[in-house]
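Next comes run.csv, with CSV, C-alpha atoms and all ligand atoms.
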```csv
chain,number,residue,atom,x,y,z
A,16,MET,CA,0.0,0.0,0.0
A,17,GLY,CA,1.3,3.4,-0.9
A,18,LYS,CA,2.1,6.1,1.6
A,19,ILE,CA,-0.4,8.9,2.0
A,20,ILE,CA,0.1,12.4,3.5
A,21,LEU,CA,-2.4,14.4,5.3
A,22,THR,CA,-1.7,17.6,7.1
A,23,GLY,CA,-3.2,21.1,7.5
A,24,ASP,CA,-3.4,24.4,9.2
A,25,ARG,CA,-6.1,26.5,10.9
A,26,PRO,CA,-6.9,29.5,8.7
A,27,THR,CA,-6.7,32.2,11.4
A,28,GLY,CA,-4.1,34.4,9.7
A,29,ARG,CA,-1.5,34.6,7.0
A,30,LEU,CA,1.3,32.1,7.3
A,31,HIS,CA,4.6,33.2,8.6
A,32,VAL,CA,8.2,32.0,8.3
A,33,GLY,CA,7.7,29.7,11.3
A,34,HIS,CA,5.1,27.8,9.3
A,35,TYR,CA,7.5,27.9,6.4
A,36,VAL,CA,10.6,26.3,8.0
A,37,GLY,CA,8.5,24.2,10.4
A,38,SER,CA,6.3,22.6,7.8
A,39,LEU,CA,5.6,24.2,4.4
A,40,LYS,CA,9.0,23.8,3.0
A,41,ARG,CA,9.1,20.2,4.0
A,42,ARG,CA,5.7,19.6,2.5
A,43,VAL,CA,6.9,20.8,-0.9
A,44,GLU,CA,9.9,18.6,-0.7
A,45,LEU,CA,7.8,15.6,0.2
A,46,GLN,CA,5.4,16.5,-2.6
A,47,ASN,CA,8.2,16.5,-5.1
A,48,SER,CA,9.9,13.4,-3.7
A,49,GLY,CA,7.5,11.2,-5.6
A,50,GLU,CA,7.4,8.9,-2.5
A,51,PHE,CA,3.7,9.5,-1.8
A,52,GLU,CA,0.8,8.1,-3.6
A,53,LYS,CA,-1.6,10.8,-2.4
A,54,ILE,CA,-1.2,14.1,-0.6
A,55,PHE,CA,-4.0,16.0,1.2
A,56,ILE,CA,-3.4,19.5,2.6
A,57,MET,CA,-6.3,20.6,4.7
A,58,ILE,CA,-7.4,24.2,5.4
A,59,ALA,CA,-8.9,23.3,8.8
A,60,ASP,CA,-11.6,26.0,9.0
A,61,ALA,CA,-14.0,23.9,11.1
A,62,GLN,CA,-11.2,23.4,13.6
A,63,ALA,CA,-10.4,27.1,13.6
A,64,LEU,CA,-14.1,27.7,14.5
A,65,THR,CA,-13.7,25.6,17.7
A,66,ASP,CA,-11.9,28.6,19.3
A,67,ASN,CA,-13.2,31.3,17.1
A,68,ALA,CA,-16.9,30.7,17.3
A,69,ASP,CA,-17.7,34.4,17.6
A,70,ASN,CA,-15.5,35.3,14.8
A,71,PRO,CA,-16.4,33.3,11.7
A,72,GLU,CA,-15.5,36.2,9.4
A,73,LYS,CA,-11.9,35.9,10.4
A,74,VAL,CA,-11.8,32.3,9.4
A,75,ARG,CA,-13.7,33.0,6.2
A,76,GLN,CA,-11.3,35.7,5.2
A,77,ASN,CA,-8.2,33.7,5.9
A,78,ILE,CA,-8.9,30.7,3.8
A,79,ILE,CA,-7.7,32.4,0.7
A,80,GLU,CA,-4.7,33.8,2.5
A,81,VAL,CA,-3.6,30.3,3.5
A,82,ALA,CA,-4.3,29.0,0.1
A,83,LEU,CA,-2.2,31.7,-1.5
A,84,ASP,CA,0.6,31.1,0.9
A,85,TYR,CA,0.5,27.3,0.2
A,86,LEU,CA,0.6,27.8,-3.6
A,87,SER,CA,3.3,30.5,-3.5
A,88,CYS,CA,5.5,28.1,-1.5
A,89,GLY,CA,5.3,25.6,-4.2
A,90,LEU,CA,2.4,23.3,-3.3
A,91,ASP,CA,1.2,22.1,-6.7
A,92,PRO,CA,-2.5,21.3,-7.1
A,93,SER,CA,-1.6,18.6,-9.7
A,94,LYS,CA,0.3,16.7,-7.0
A,95,SER,CA,-1.3,17.8,-3.7
A,96,ASN,CA,-5.1,18.1,-3.0
A,97,ILE,CA,-5.7,21.3,-1.1
A,98,LEU,CA,-9.1,21.0,0.6
A,99,ILE,CA,-11.4,22.9,2.9
A,100,GLN,CA,-12.3,20.8,5.9
A,101,SER,CA,-15.9,22.1,6.5
A,102,GLN,CA,-17.0,21.1,3.0
A,103,ILE,CA,-16.4,17.4,3.8
A,104,SER,CA,-19.3,16.4,6.0
A,105,GLU,CA,-18.1,12.8,6.2
A,106,LEU,CA,-15.5,14.2,8.7
A,107,CYS,CA,-18.3,15.1,11.1
A,108,GLU,CA,-19.8,11.7,10.8
A,109,LEU,CA,-16.5,10.0,11.5
A,110,SER,CA,-15.9,12.3,14.5
A,111,PHE,CA,-19.4,11.4,15.9
A,112,TYR,CA,-18.6,7.7,16.0
A,113,TYR,CA,-15.0,8.2,17.2
A,114,MET,CA,-16.4,10.1,20.2
A,115,ASN,CA,-17.6,6.8,21.6
A,116,LEU,CA,-14.1,5.5,21.7
A,117,VAL,CA,-12.5,8.4,23.7
A,118,THR,CA,-13.0,9.2,27.4
A,119,VAL,CA,-13.4,12.7,28.8
A,120,SER,CA,-10.4,12.1,31.1
A,121,ARG,CA,-8.2,11.1,28.1
A,122,LEU,CA,-9.1,14.4,26.4
A,123,GLN,CA,-8.3,16.3,29.6
A,124,ARG,CA,-4.9,14.8,29.6
A,125,ASN,CA,-4.0,15.8,26.1
A,126,PRO,CA,-1.1,18.2,26.6
A,127,THR,CA,-1.8,20.4,23.6
A,128,VAL,CA,-5.5,20.8,24.6
A,129,LYS,CA,-4.4,21.6,28.1
A,130,SER,CA,-2.0,24.4,27.1
A,131,GLU,CA,-4.4,25.8,24.6
A,132,ILE,CA,-7.1,26.0,27.2
A,133,GLN,CA,-4.8,28.0,29.4
A,134,MET,CA,-3.7,30.2,26.5
A,135,ARG,CA,-7.2,31.1,25.7
A,136,ASN,CA,-8.5,31.5,29.2
A,137,PHE,CA,-11.0,28.8,28.6
A,138,GLU,CA,-10.5,27.2,32.1
A,139,ALA,CA,-14.0,28.3,33.4
A,140,SER,CA,-16.0,27.5,30.3
A,141,ILE,CA,-14.5,25.3,27.6
A,142,PRO,CA,-16.5,25.0,24.4
A,143,VAL,CA,-17.4,21.3,23.8
A,144,GLY,CA,-16.3,21.6,20.2
A,145,PHE,CA,-12.9,22.9,21.2
A,146,PHE,CA,-12.5,20.3,23.9
A,147,THR,CA,-13.2,17.5,21.4
A,148,TYR,CA,-11.2,18.8,18.5
A,149,PRO,CA,-8.5,16.1,18.9
A,150,ILE,CA,-11.3,13.6,17.9
A,151,SER,CA,-12.2,15.7,14.9
A,152,GLN,CA,-8.5,15.8,14.0
A,153,ALA,CA,-8.4,12.0,14.2
A,154,ALA,CA,-11.2,12.0,11.7
A,155,ASP,CA,-9.2,14.4,9.4
A,156,ILE,CA,-6.3,12.0,9.4
A,157,THR,CA,-8.1,8.7,9.2
A,158,ALA,CA,-10.6,9.7,6.6
A,159,PHE,CA,-7.8,9.8,4.0
A,160,LYS,CA,-6.0,6.7,5.5
A,161,ALA,CA,-3.0,8.9,6.0
A,162,THR,CA,0.2,7.0,6.9
A,163,THR,CA,2.2,10.1,7.3
A,164,VAL,CA,1.4,13.4,9.1
A,165,PRO,CA,4.1,16.1,8.7
A,166,VAL,CA,3.6,18.4,11.7
A,167,GLY,CA,5.4,20.4,14.4
A,168,ASP,CA,6.1,18.7,17.7
A,169,ASP,CA,3.1,20.6,19.3
A,170,GLN,CA,0.9,18.2,17.3
A,171,LEU,CA,2.4,15.0,18.6
A,172,PRO,CA,-0.3,14.5,21.2
A,173,MET,CA,-2.9,14.7,18.4
A,174,ILE,CA,-1.2,12.0,16.4
A,175,GLU,CA,-1.0,9.9,19.6
A,176,GLN,CA,-4.7,10.4,20.3
A,177,THR,CA,-5.4,9.5,16.7
A,178,ARG,CA,-3.4,6.3,16.9
A,179,GLU,CA,-5.3,5.3,20.0
A,180,ILE,CA,-8.6,5.8,18.3
A,181,VAL,CA,-7.5,3.8,15.3
A,182,ARG,CA,-6.3,0.9,17.5
A,183,LYS,CA,-9.5,1.0,19.5
A,184,PHE,CA,-11.7,1.1,16.4
A,185,ASN,CA,-9.9,-1.7,14.6
A,186,THR,CA,-10.1,-3.9,17.8
A,187,VAL,CA,-13.7,-3.3,18.4
A,188,TYR,CA,-15.1,-3.2,14.9
A,189,GLY,CA,-12.4,-4.9,12.7
A,190,GLU,CA,-9.5,-3.4,10.7
A,191,ALA,CA,-10.6,-0.5,8.6
A,192,LEU,CA,-8.4,2.4,9.8
A,193,VAL,CA,-4.7,3.1,9.3
A,194,GLU,CA,-2.4,4.1,12.2
A,195,PRO,CA,-0.6,7.3,11.1
A,196,GLU,CA,2.9,8.4,12.0
A,197,ALA,CA,4.0,11.9,12.6
A,198,LEU,CA,6.9,13.3,10.6
A,199,LEU,CA,8.7,16.0,12.5
A,200,PRO,CA,11.0,18.7,11.0
A,201,ASP,CA,14.6,17.4,10.9
A,202,ASN,CA,16.3,20.7,11.9
A,203,LYS,CA,15.9,21.6,15.5
A,204,ALA,CA,15.7,25.3,14.9
A,205,CYS,CA,12.8,24.6,12.5
A,206,MET,CA,10.8,22.8,15.2
A,207,ARG,CA,9.7,26.1,16.7
A,208,LEU,CA,11.1,29.3,15.3
A,209,PRO,CA,10.9,32.0,18.0
A,210,GLY,CA,9.2,35.4,17.5
A,211,THR,CA,11.4,38.3,16.4
A,212,ASP,CA,11.1,39.6,20.0
A,213,GLY,CA,12.7,36.4,21.3
A,214,LYS,CA,9.5,35.1,22.7
A,215,ALA,CA,9.1,31.3,22.3
A,216,LYS,CA,6.1,31.5,19.9
A,217,MET,CA,5.3,33.6,16.9
A,218,SER,CA,1.9,35.0,17.2
A,219,LYS,CA,-0.1,37.6,15.5
A,220,SER,CA,-1.3,39.2,18.7
A,221,LEU,CA,2.3,39.6,19.9
A,222,GLY,CA,3.2,41.3,16.6
A,223,ASN,CA,6.4,39.3,16.4
A,224,CYS,CA,5.9,37.4,13.1
A,225,ILE,CA,7.6,37.7,9.8
A,226,TYR,CA,4.9,36.8,7.2
A,227,LEU,CA,5.6,35.1,3.9
A,228,SER,CA,3.6,37.9,2.3
A,229,ASP,CA,5.6,40.7,4.0
A,230,SER,CA,7.2,43.2,1.6
A,231,ALA,CA,11.0,43.1,1.3
A,232,ASP,CA,11.1,46.4,3.3
A,233,ASP,CA,9.0,44.9,6.1
A,234,VAL,CA,11.2,41.8,6.3
A,235,LYS,CA,14.3,44.0,6.5
A,236,LYS,CA,12.7,46.2,9.3
A,237,LYS,CA,11.7,43.2,11.3
A,238,VAL,CA,15.1,41.6,11.0
A,239,MET,CA,17.0,44.7,11.9
A,240,SER,CA,15.0,45.2,15.0
A,241,MET,CA,15.1,41.5,16.1
A,242,TYR,CA,15.9,40.4,19.6
A,243,THR,CA,19.5,39.3,20.2
A,244,ASP,CA,21.5,39.1,23.4
A,245,PRO,CA,20.5,42.0,25.6
A,246,ASN,CA,24.0,42.0,27.3
A,247,HIS,CA,25.8,42.3,24.0
A,248,ILE,CA,26.2,46.0,24.2
A,249,GLN,CA,29.6,46.8,22.7
A,250,VAL,CA,30.8,45.1,19.6
A,251,SER,CA,33.7,43.9,21.6
A,252,ASP,CA,31.5,42.2,24.2
A,253,PRO,CA,31.2,38.5,24.1
A,254,GLY,CA,27.7,37.6,22.8
A,255,GLN,CA,25.4,34.8,23.6
A,256,ILE,CA,24.2,32.4,20.8
A,257,GLU,CA,21.7,30.5,23.0
A,258,GLY,CA,18.3,32.2,23.0
A,259,ASN,CA,19.5,34.7,20.5
A,260,SER,CA,16.7,34.8,17.8
A,261,VAL,CA,19.0,36.0,15.0
A,262,PHE,CA,21.1,32.9,15.4
A,263,THR,CA,18.1,30.7,15.7
A,264,TYR,CA,16.8,32.1,12.4
A,265,LEU,CA,20.2,31.6,10.8
A,266,ASP,CA,20.1,27.9,12.1
A,267,ALA,CA,16.8,27.6,10.3
A,268,PHE,CA,17.6,29.5,7.0
A,269,CYS,CA,21.3,29.7,6.3
A,270,LYS,CA,23.4,27.4,4.2
A,271,ASP,CA,27.2,27.6,3.8
A,272,GLU,CA,26.8,28.9,0.3
A,273,HIS,CA,25.2,32.1,1.7
A,274,PHE,CA,28.5,33.1,3.2
A,275,GLU,CA,30.2,33.2,-0.1
A,276,ARG,CA,27.5,35.5,-1.4
A,277,TYR,CA,26.7,37.8,1.5
A,278,CYS,CA,29.4,37.5,4.2
A,279,PRO,CA,32.7,36.1,2.8
A,280,ASP,CA,34.5,36.8,6.1
A,281,TYR,CA,33.2,33.4,7.3
A,282,SER,CA,32.9,30.1,5.6
A,283,CYS,CA,30.1,28.7,7.7
A,284,LEU,CA,27.7,29.5,10.5
A,285,GLN,CA,29.8,28.0,13.2
A,286,GLU,CA,32.7,30.4,12.4
A,287,MET,CA,30.3,33.3,12.7
A,288,LYS,CA,28.9,32.0,15.9
A,289,ASP,CA,32.4,31.5,17.4
A,290,HIS,CA,33.4,35.1,16.5
A,291,TYR,CA,30.2,36.4,18.1
A,292,SER,CA,30.7,34.4,21.3
A,293,ARG,CA,34.3,35.6,21.6
A,294,GLY,CA,33.4,39.2,21.1
A,295,GLY,CA,34.2,41.5,18.2
A,296,LEU,CA,31.2,40.8,16.0
A,297,GLY,CA,28.3,43.3,16.1
A,298,ASP,CA,24.6,42.6,15.9
A,299,VAL,CA,24.1,44.8,12.8
A,300,LYS,CA,26.5,42.8,10.7
A,301,VAL,CA,24.8,39.5,11.7
A,302,LYS,CA,21.3,41.0,11.1
A,303,LYS,CA,22.3,42.3,7.7
A,304,PHE,CA,23.5,38.8,6.8
A,305,LEU,CA,20.3,37.3,8.0
A,306,ASN,CA,18.3,39.8,6.0
A,307,ASN,CA,20.1,38.8,2.8
A,308,VAL,CA,19.6,35.1,3.5
A,309,MET,CA,15.9,35.5,4.2
A,310,GLN,CA,15.3,37.8,1.3
A,311,GLU,CA,16.8,35.3,-1.0
A,312,GLU,CA,14.5,32.6,0.2
A,313,LEU,CA,11.4,34.8,0.5
A,314,GLU,CA,11.6,36.7,-2.7
A,315,PRO,CA,10.5,34.0,-5.1
A,316,ILE,CA,7.6,33.1,-2.8
A,317,ARG,CA,6.5,36.8,-2.6
A,318,ASN,CA,6.7,37.1,-6.4
A,319,ARG,CA,4.7,33.9,-7.0
A,320,ARG,CA,2.1,35.2,-4.6
A,321,LYS,CA,1.8,38.5,-6.5
A,322,GLU,CA,1.0,36.5,-9.7
A,323,LEU,CA,-1.5,34.2,-8.0
A,324,GLU,CA,-3.3,37.1,-6.4
A,325,LYS,CA,-4.2,38.3,-9.9
A,326,ASP,CA,-6.7,35.5,-10.4
A,327,ILE,CA,-8.5,34.8,-7.1
A,328,PRO,CA,-11.4,32.9,-8.7
A,329,ALA,CA,-8.8,30.4,-10.0
A,330,ILE,CA,-7.6,29.8,-6.5
A,331,TYR,CA,-11.2,29.0,-5.3
A,332,GLU,CA,-11.5,26.6,-8.3
A,333,ILE,CA,-8.3,24.8,-7.1
A,334,LEU,CA,-9.8,24.5,-3.6
A,335,LYS,CA,-13.0,23.2,-5.0
A,336,LYS,CA,-11.3,20.5,-7.1
A,337,GLY,CA,-9.1,19.5,-4.2
A,338,THR,CA,-12.1,19.3,-1.9
A,339,GLU,CA,-14.1,17.2,-4.3
A,340,THR,CA,-11.3,14.7,-4.7
A,341,ALA,CA,-10.8,14.6,-1.0
A,342,ARG,CA,-14.4,14.1,-0.4
A,343,GLU,CA,-14.5,11.0,-2.5
A,344,GLU,CA,-11.8,9.5,-0.4
A,345,ALA,CA,-13.5,10.4,2.9
A,346,ALA,CA,-16.7,8.9,1.6
A,347,LYS,CA,-15.0,5.6,0.9
A,348,THR,CA,-13.6,5.4,4.4
A,349,LEU,CA,-16.8,6.4,6.0
A,350,ALA,CA,-18.6,3.6,4.1
A,351,GLU,CA,-16.1,1.1,5.4
A,352,VAL,CA,-16.4,2.4,8.9
A,353,LYS,CA,-20.1,2.1,8.8
A,354,GLN,CA,-19.9,-1.3,7.3
A,355,ASN,CA,-17.5,-2.5,10.1
A,356,MET,CA,-19.8,-1.0,12.7
A,357,LYS,CA,-22.7,-2.7,11.0
A,358,ILE,CA,-24.7,0.5,10.7
A,359,ASN,CA,-25.1,0.1,6.9
A,360,TYR,CA,-28.6,-1.4,7.3
A,361,PHE,CA,-30.0,-0.9,3.9
A,362,ASP,CA,-27.0,-2.5,2.2
A,363,ASP,CA,-27.0,-5.4,4.7
A,364,VAL,CA,-28.9,-8.2,2.9
A,365,ASP,CA,-27.9,-10.6,5.7
A,366,LEU,CA,-29.5,-8.4,8.3
A,367,ILE,CA,-32.7,-8.1,6.4
A,368,ASN,CA,-32.9,-11.8,5.8
A,369,GLU,CA,-32.2,-12.6,9.4
A,370,GLN,CA,-34.9,-10.3,10.7
A,371,SER,CA,-37.2,-11.7,8.1
A,372,ARG,CA,-36.6,-15.3,9.3
A,373,LYS,CA,-37.1,-14.2,12.9
A,374,TYR,CA,-40.6,-13.1,12.2
A,375,ASN,CA,-41.7,-15.6,9.5
A,376,ASN,CA,-40.5,-19.0,10.7
A,401,LIG,N1,-4.2,21.2,14.6
A,401,LIG,C1,-3.5,21.7,13.5
A,401,LIG,C2,-2.9,23.1,13.8
A,401,LIG,O1,-3.4,23.7,14.8
A,401,LIG,C3,-4.3,21.8,12.2
A,401,LIG,C4,-4.9,20.5,11.7
A,401,LIG,C5,-6.2,20.2,11.6
A,401,LIG,C6,-4.1,19.4,11.4
A,401,LIG,N2,-6.4,19.0,11.2
A,401,LIG,C7,-5.2,18.4,11.0
A,401,LIG,C8,-2.8,19.0,11.3
A,401,LIG,C9,-4.8,17.1,10.7
A,401,LIG,C10,-2.4,17.8,10.9
A,401,LIG,C11,-3.4,16.8,10.6
A,401,LIG,O2,-2.0,23.5,13.2
```

Just dump the structure as structure tokens.
Ligand code: TRP
Amino acid sequence: MGKIILTGDRPTGRLHVGHYVGSLKRRVELQNSGEFEKIFIMIADAQALTDNADNPEKVRQNIIEVALDYLSCGLDPSKSNILIQSQISELCELSFYYMNLVTVSRLQRNPTVKSEIQMRNFEASIPVGFFTYPISQAADITAFKATTVPVGDDQLPMIEQTREIVRKFNTVYGEALVEPEALLPDNKACMRLPGTDGKAKMSKSLGNCIYLSDSADDVKKKVMSMYTDPNHIQVSDPGQIEGNSVFTYLDAFCKDEHFERYCPDYSCLQEMKDHYSRGGLGDVKVKKFLNNVMQEELEPIRNRRKELEKDIPAIYEILKKGTETAREEAAKTLAEVKQNMKINYFDDVDLINEQSRKYNN
């Protein structure tokens, strides 16, 4: 059986460079590797609504932003189906049956849900839909029989929960579902790129993101005002690499060849880091280098986006096609699930005969 990818994002904003190094770039590589039989990339609008119930317009507006970001990074609709979650009602049906296989206490123990509840101040009143979104995410993954789910490490508890649901389902009702595996970013800096202010997470509300759609000027401004080592005051002072966002970004973005082009004083990042730690290397020089490196990577993405933005109806058409293809897959899985659960009454000739015998013998 071929390998199948499913992954996705909540459409609550434009995608930023953290999304790019943490997942988008990898998805494009996986897409082009030819190793996967099918690829599904989900714009998880229904999941976004679980914590944005009072702001559906935000979700609605951001679907196109995420789609544009996907396509401008190189996701190719002839190889990857890009789909909108809410348009596949089979996912709701699957979730409904999976709910019987998960306990409340198991959901309460899910570390991602726990921390999100805290972040959103939901402690006192958690929306049921939000609380149960790991179950709906299990439906997202299993509906397409995904073998491989490329995600950041924050999503590992979701994959684990999905695997438990799959095992439980297959044991109780017979094999129908596939146990997926997470595929994590291979570069540690890419696991979670910090904000430009040095905070652990990039978030729109903190204003510490560099977006894929930012102009060259904005990227430069953001890079030049990035958080470094607050104790590195004079150029001659020894500087700290650990926790220094500029170096974390370089870990994520820079390749040796960039030094030849933009900073020939060094041959690789380690040399630059050593100089910074010793003292004698100023923040501005490092930031200018980072800016060049990032511009080189982001410029083609920005240019593709500009082109794509010229024909928005075509983007919706791509989403519609991707969703239709995905829906056929989900419908097949749902039919198998219902068959295994024996809730396919009208197709079940044996059942009808059995009941008939019971009453007519
Ligand atoms: N929970 C993911 C996020 O917040 C988005 C998502 C929804 C997803 N369904 C998925 C990711 C299925 C992987 C697989 O980014």

* **Spatial neighbours of Glu190 in chain A, max dist 12 Å, all atoms listed in the file, sep filter under 2 positions, as a PyMOL selection string** => chain A and resi 160+180-188+192-194+348+351-352+354-356

Can you tell me which residues come within 8 Å of ligand LIG 401 (chain A) when counting all atoms listed in the file, ideally as a PyMOL selection string?
chain A and resi 21-25+57-59+62-63+149+151-153+155-156+164-166+170+173-174

One residue among A:Leu39, A:Met287, A:Met16, A:Ile141 is nearest to Leu199 in chain A when using only C-alpha atoms, and that residue is A:Leu39

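Using all atoms listed in the file, the residues found no farther than 12 Å from Asn246 in chain A, other than those of its own chain fewer than 4 positions away, are Tyr242, Val250, Ser251, Asp252, Pro253, Gly254, Gln255, Ile256, Asn259, Ser292, Gly294 and Asp298 of chain A.
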
* Between A:Thr243, A:Gln46, A:Asn202, A:Thr162, single out the one closest to Asn96 in chain A, counting all atoms listed in the file. =>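 Closest to Asn96 in chain A of all the choices is A:Gln46.
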
So which one's closest to Thr157 in chain A, A:Lys373, A:Arg178, A:Arg121, A:Lys40? Using all atoms listed in the file, please.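 Going through A:Lys373, A:Arg178, A:Arg121, A:Lys40 one by one, the smallest distance to Thr157 in chain A is for A:Arg178.
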